[in-house]
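Please read the structure below before turning to the comments.
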Amino acid sequence: MKKIGIAFRGIAFRSTLGVLVGLVAYFFFLAKGAWLLLDIPIGSAMGILIAISPVIPVAFVLRSVMQLLQHTDELQQRIQLLAIGFSAVTTGLLTFAYGLLENLGYPPLHSAFLLPLMVILWVVGTLYFKWRYK
Amino acid sequence: MKNLLKTLRAEQDWSQADLAERLGVSRQTVNAIETGKYDPSLPLAFKIAKLFGKKIEEIFLPE
């Protein structure tokens, strides 16, 4: 019986490590990319590659999170399902509302803000639904 | 759905963490089932029944 807990703790540790490494790599790619882009012509193939390079560590982080979710128990999966649903619906609602405000002259929303917004709402949803099942 | 999980666990003198370890779930899941906030899936209900040597309907009761 103990093996189940130990195996999960191993997966949890690896996934958490994956998230941390991914986040460090993300900030590195972001900072290094911004610095490199100063000398590269906008629109060149190299410029495009450098500009989207932070996507790689973010994908790595999401992969680690998905691995962790696959190995959590059924209640935790339910909590995550509700949290992800909450995040998706709320992000859609907020961006839709802001899209209407753009008609009044508000500055356009940068699409790079969508993923951080979804992640923040996912964390909020997780905390809320975890509290509900306490 | 009501259940007798807390009573059965107490009879064995197990903590929620002990039971969670035996079932391969988190302590929060055991607590949520005991307090009636969460109804387990059929496979987990079978696992619980097997662990206590009882039938599912002897542990989980309709309200």
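Residue numbering restarts at 1 for every chain of the structure tokens, chains are lettered A, B, ... in their displayed order, and ligands are numbered from 1 as they appear.
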Could you name the residues that touch range 66-70 of chain A at 12 Å or less, counting only C-alpha atoms, but leaving out those on the same chain fewer than 3 positions away, as a list in words?
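These residues fall inside the cut-off: Ala7, Phe8, Arg9, Gly10, Ile11, Ala12, Phe13, Arg14, Ser15, Thr16, Leu17, Gly18, Val19, Ala59, Phe60, Val61, Leu62, Arg63, Asp73, Glu74, Leu75, Gln76, Gln77, Arg78, Ile79, Gln80, Leu81 and Ile84 of chain A.
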Residues as selected, N, CA and C atoms, written as a PDB file, in the first residue's frame, can you do that?
ATOM      1  N   ALA A   7       5.069   6.198  -5.011  1.00  0.00           N
ATOM      2  CA  ALA A   7       5.099   6.391  -6.463  1.00  0.00           C
ATOM      3  C   ALA A   7       4.518   7.747  -6.827  1.00  0.00           C
ATOM      4  N   PHE A   8       3.376   8.111  -6.181  1.00  0.00           N
ATOM      5  CA  PHE A   8       2.763   9.400  -6.502  1.00  0.00           C
ATOM      6  C   PHE A   8       3.667  10.554  -6.080  1.00  0.00           C
ATOM      7  N   ARG A   9       4.292  10.405  -4.897  1.00  0.00           N
ATOM      8  CA  ARG A   9       5.181  11.475  -4.434  1.00  0.00           C
ATOM      9  C   ARG A   9       6.336  11.656  -5.413  1.00  0.00           C
ATOM     10  N   GLY A  10       6.814  10.531  -5.998  1.00  0.00           N
ATOM     11  CA  GLY A  10       7.882  10.604  -6.995  1.00  0.00           C
ATOM     12  C   GLY A  10       7.436  11.378  -8.226  1.00  0.00           C
ATOM     13  N   ILE A  11       6.211  11.078  -8.689  1.00  0.00           N
ATOM     14  CA  ILE A  11       5.665  11.780  -9.862  1.00  0.00           C
ATOM     15  C   ILE A  11       5.444  13.248  -9.528  1.00  0.00           C
ATOM     16  N   ALA A  12       4.912  13.497  -8.329  1.00  0.00           N
ATOM     17  CA  ALA A  12       4.658  14.886  -7.907  1.00  0.00           C
ATOM     18  C   ALA A  12       5.962  15.672  -7.854  1.00  0.00           C
ATOM     19  N   PHE A  13       7.021  15.027  -7.335  1.00  0.00           N
ATOM     20  CA  PHE A  13       8.320  15.704  -7.247  1.00  0.00           C
ATOM     21  C   PHE A  13       8.861  16.016  -8.641  1.00  0.00           C
ATOM     22  N   ARG A  14       8.800  15.001  -9.537  1.00  0.00           N
ATOM     23  CA  ARG A  14       9.314  15.206 -10.899  1.00  0.00           C
ATOM     24  C   ARG A  14       8.516  16.294 -11.621  1.00  0.00           C
ATOM     25  N   SER A  15       7.192  16.276 -11.437  1.00  0.00           N
ATOM     26  CA  SER A  15       6.355  17.264 -12.113  1.00  0.00           C
ATOM     27  C   SER A  15       6.630  18.662 -11.584  1.00  0.00           C
ATOM     28  N   THR A  16       6.767  18.775 -10.251  1.00  0.00           N
ATOM     29  CA  THR A  16       7.051  20.083  -9.657  1.00  0.00           C
ATOM     30  C   THR A  16       8.403  20.592 -10.140  1.00  0.00           C
ATOM     31  N   LEU A  17       9.364  19.680 -10.201  1.00  0.00           N
ATOM     32  CA  LEU A  17      10.695  20.048 -10.703  1.00  0.00           C
ATOM     33  C   LEU A  17      10.592  20.510 -12.164  1.00  0.00           C
ATOM     34  N   GLY A  18       9.788  19.778 -12.941  1.00  0.00           N
ATOM     35  CA  GLY A  18       9.582  20.133 -14.346  1.00  0.00           C
ATOM     36  C   GLY A  18       8.987  21.522 -14.487  1.00  0.00           C
ATOM     37  N   VAL A  19       8.020  21.842 -13.618  1.00  0.00           N
ATOM     38  CA  VAL A  19       7.385  23.168 -13.654  1.00  0.00           C
ATOM     39  C   VAL A  19       8.416  24.254 -13.317  1.00  0.00           C
ATOM     40  N   ALA A  59       5.301  25.151 -22.900  1.00  0.00           N
ATOM     41  CA  ALA A  59       4.755  23.843 -23.278  1.00  0.00           C
ATOM     42  C   ALA A  59       5.306  22.757 -22.338  1.00  0.00           C
ATOM     43  N   PHE A  60       6.561  22.887 -21.944  1.00  0.00           N
ATOM     44  CA  PHE A  60       7.196  21.955 -21.026  1.00  0.00           C
ATOM     45  C   PHE A  60       6.497  21.996 -19.656  1.00  0.00           C
ATOM     46  N   VAL A  61       6.193  23.211 -19.208  1.00  0.00           N
ATOM     47  CA  VAL A  61       5.494  23.387 -17.922  1.00  0.00           C
ATOM     48  C   VAL A  61       4.111  22.737 -17.989  1.00  0.00           C
ATOM     49  N   LEU A  62       3.381  22.993 -19.089  1.00  0.00           N
ATOM     50  CA  LEU A  62       2.031  22.437 -19.222  1.00  0.00           C
ATOM     51  C   LEU A  62       2.075  20.900 -19.281  1.00  0.00           C
ATOM     52  N   ARG A  63       3.106  20.361 -19.935  1.00  0.00           N
ATOM     53  CA  ARG A  63       3.268  18.900 -20.004  1.00  0.00           C
ATOM     54  C   ARG A  63       3.465  18.323 -18.596  1.00  0.00           C
ATOM     55  N   ASP A  73      -5.609  11.452  -7.716  1.00  0.00           N
ATOM     56  CA  ASP A  73      -6.783  10.599  -7.516  1.00  0.00           C
ATOM     57  C   ASP A  73      -8.043  11.259  -8.083  1.00  0.00           C
ATOM     58  N   GLU A  74      -9.164  10.524  -8.000  1.00  0.00           N
ATOM     59  CA  GLU A  74     -10.372  10.974  -8.705  1.00  0.00           C
ATOM     60  C   GLU A  74     -10.934  12.298  -8.181  1.00  0.00           C
ATOM     61  N   LEU A  75     -10.827  12.560  -6.880  1.00  0.00           N
ATOM     62  CA  LEU A  75     -11.341  13.835  -6.362  1.00  0.00           C
ATOM     63  C   LEU A  75     -10.487  14.992  -6.864  1.00  0.00           C
ATOM     64  N   GLN A  76      -9.157  14.789  -6.850  1.00  0.00           N
ATOM     65  CA  GLN A  76      -8.267  15.857  -7.339  1.00  0.00           C
ATOM     66  C   GLN A  76      -8.514  16.114  -8.822  1.00  0.00           C
ATOM     67  N   GLN A  77      -8.780  15.051  -9.589  1.00  0.00           N
ATOM     68  CA  GLN A  77      -9.070  15.226 -11.019  1.00  0.00           C
ATOM     69  C   GLN A  77     -10.382  15.982 -11.208  1.00  0.00           C
ATOM     70  N   ARG A  78     -11.330  15.697 -10.339  1.00  0.00           N
ATOM     71  CA  ARG A  78     -12.617  16.405 -10.419  1.00  0.00           C
ATOM     72  C   ARG A  78     -12.415  17.895 -10.101  1.00  0.00           C
ATOM     73  N   ILE A  79     -11.622  18.157  -9.056  1.00  0.00           N
ATOM     74  CA  ILE A  79     -11.335  19.543  -8.673  1.00  0.00           C
ATOM     75  C   ILE A  79     -10.654  20.265  -9.839  1.00  0.00           C
ATOM     76  N   GLN A  80      -9.699  19.585 -10.484  1.00  0.00           N
ATOM     77  CA  GLN A  80      -8.987  20.203 -11.605  1.00  0.00           C
ATOM     78  C   GLN A  80      -9.908  20.426 -12.802  1.00  0.00           C
ATOM     79  N   LEU A  81     -10.809  19.465 -13.035  1.00  0.00           N
ATOM     80  CA  LEU A  81     -11.764  19.621 -14.138  1.00  0.00           C
ATOM     81  C   LEU A  81     -12.622  20.862 -13.916  1.00  0.00           C
ATOM     82  N   ILE A  84     -10.391  24.033 -14.296  1.00  0.00           N
ATOM     83  CA  ILE A  84     -10.068  24.336 -15.703  1.00  0.00           C
ATOM     84  C   ILE A  84     -11.320  24.855 -16.426  1.00  0.00           C
TER      85      ILE A  84
END
List every residue of range 7-61 of chain B that DSSP, applied to the backbone of this structure, assigns to helix (DSSP H, G or I), and report them as a ChimeraX atom specification.
/B:7-12,16-23,27-34,42-52,56-59
Selection to disk with C-alpha atoms, as a tab-separated table (two decimals), in the first residue's frame:
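So the final result, stored in selection.tsv, reads:
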chain	number	residue	atom	x	y	z
B	7	THR	CA	-17.29	4.25	11.69
B	8	LEU	CA	-15.55	1.43	9.81
B	9	ARG	CA	-12.28	3.34	9.83
B	10	ALA	CA	-12.57	3.99	13.56
B	11	GLU	CA	-13.19	0.27	14.19
B	12	GLN	CA	-9.87	-0.47	12.53
B	16	GLN	CA	-7.74	9.21	7.50
B	17	ALA	CA	-4.16	9.21	6.23
B	18	ASP	CA	-3.86	5.44	6.91
B	19	LEU	CA	-7.04	4.72	4.98
B	20	ALA	CA	-6.01	7.06	2.17
B	21	GLU	CA	-2.69	5.22	1.86
B	22	ARG	CA	-4.47	1.86	1.71
B	23	LEU	CA	-6.89	3.09	-0.95
B	27	ARG	CA	-6.43	12.22	2.68
B	28	GLN	CA	-8.66	14.99	1.36
B	29	THR	CA	-10.57	12.42	-0.71
B	30	VAL	CA	-11.18	10.21	2.34
B	31	ASN	CA	-12.35	13.25	4.32
B	32	ALA	CA	-14.66	14.42	1.49
B	33	ILE	CA	-16.24	10.93	1.26
B	34	GLU	CA	-16.68	10.68	5.04
B	42	LEU	CA	-17.76	2.73	-8.55
B	43	PRO	CA	-14.18	1.35	-8.75
B	44	LEU	CA	-13.22	3.24	-5.59
B	45	ALA	CA	-16.42	2.15	-3.83
B	46	PHE	CA	-15.55	-1.48	-4.70
B	47	LYS	CA	-12.03	-0.94	-3.38
B	48	ILE	CA	-13.43	0.44	-0.10
B	49	ALA	CA	-15.89	-2.46	0.20
B	50	LYS	CA	-13.12	-5.02	-0.45
B	51	LEU	CA	-10.84	-3.38	2.11
B	52	PHE	CA	-13.47	-3.65	4.85
B	56	ILE	CA	-20.95	-1.71	-1.27
B	57	GLU	CA	-24.56	-1.34	-0.14
B	58	GLU	CA	-23.53	-2.15	3.44
B	59	ILE	CA	-21.24	0.90	3.43
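Between CA of Pro62 in chain B and CA of Tyr38 in chain B the interatomic distance comes to 13.5 Å.
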Would you work out the distance separating CA of Ser26 in chain B from CA of Pro116 in chain A, expressed in Å to one decimal?
28.5 Å
Using only C-alpha atoms, which of the listed residues (A:Met46, A:Pro54, A:Lys130, A:Ala34) sits closest to chain B?
A:Lys130
Straight-line distance linking CA of Tyr26 in chain A with CA of His71 in chain A, stated in Å to one decimal
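Value for the CA of Tyr26 in chain A-CA of His71 in chain A distance: 25.0 Å.
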Nearest to chain B: which of A:Thr72, A:Ser87, A:Ser64, A:Ser111 is it, counting only C-alpha atoms?
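Comparing A:Thr72, A:Ser87, A:Ser64, A:Ser111 against chain B, the winner is A:Thr72.
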Could you pull out the strand (DSSP E) residues of chain B, going by DSSP on the backbone, and write them as a compact mmCIF listing (two decimals) with C-alpha atoms, in the first residue's frame?
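Now in result-v6.txt:
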# COMPACT_ATOMS: atom_id res chain seq x y z
CA LYS B 2 -24.66 8.54 3.36
CA ASN B 3 -21.86 6.16 4.27
CA PHE B 60 -23.01 3.37 1.13
CA LEU B 61 -26.66 4.11 1.77
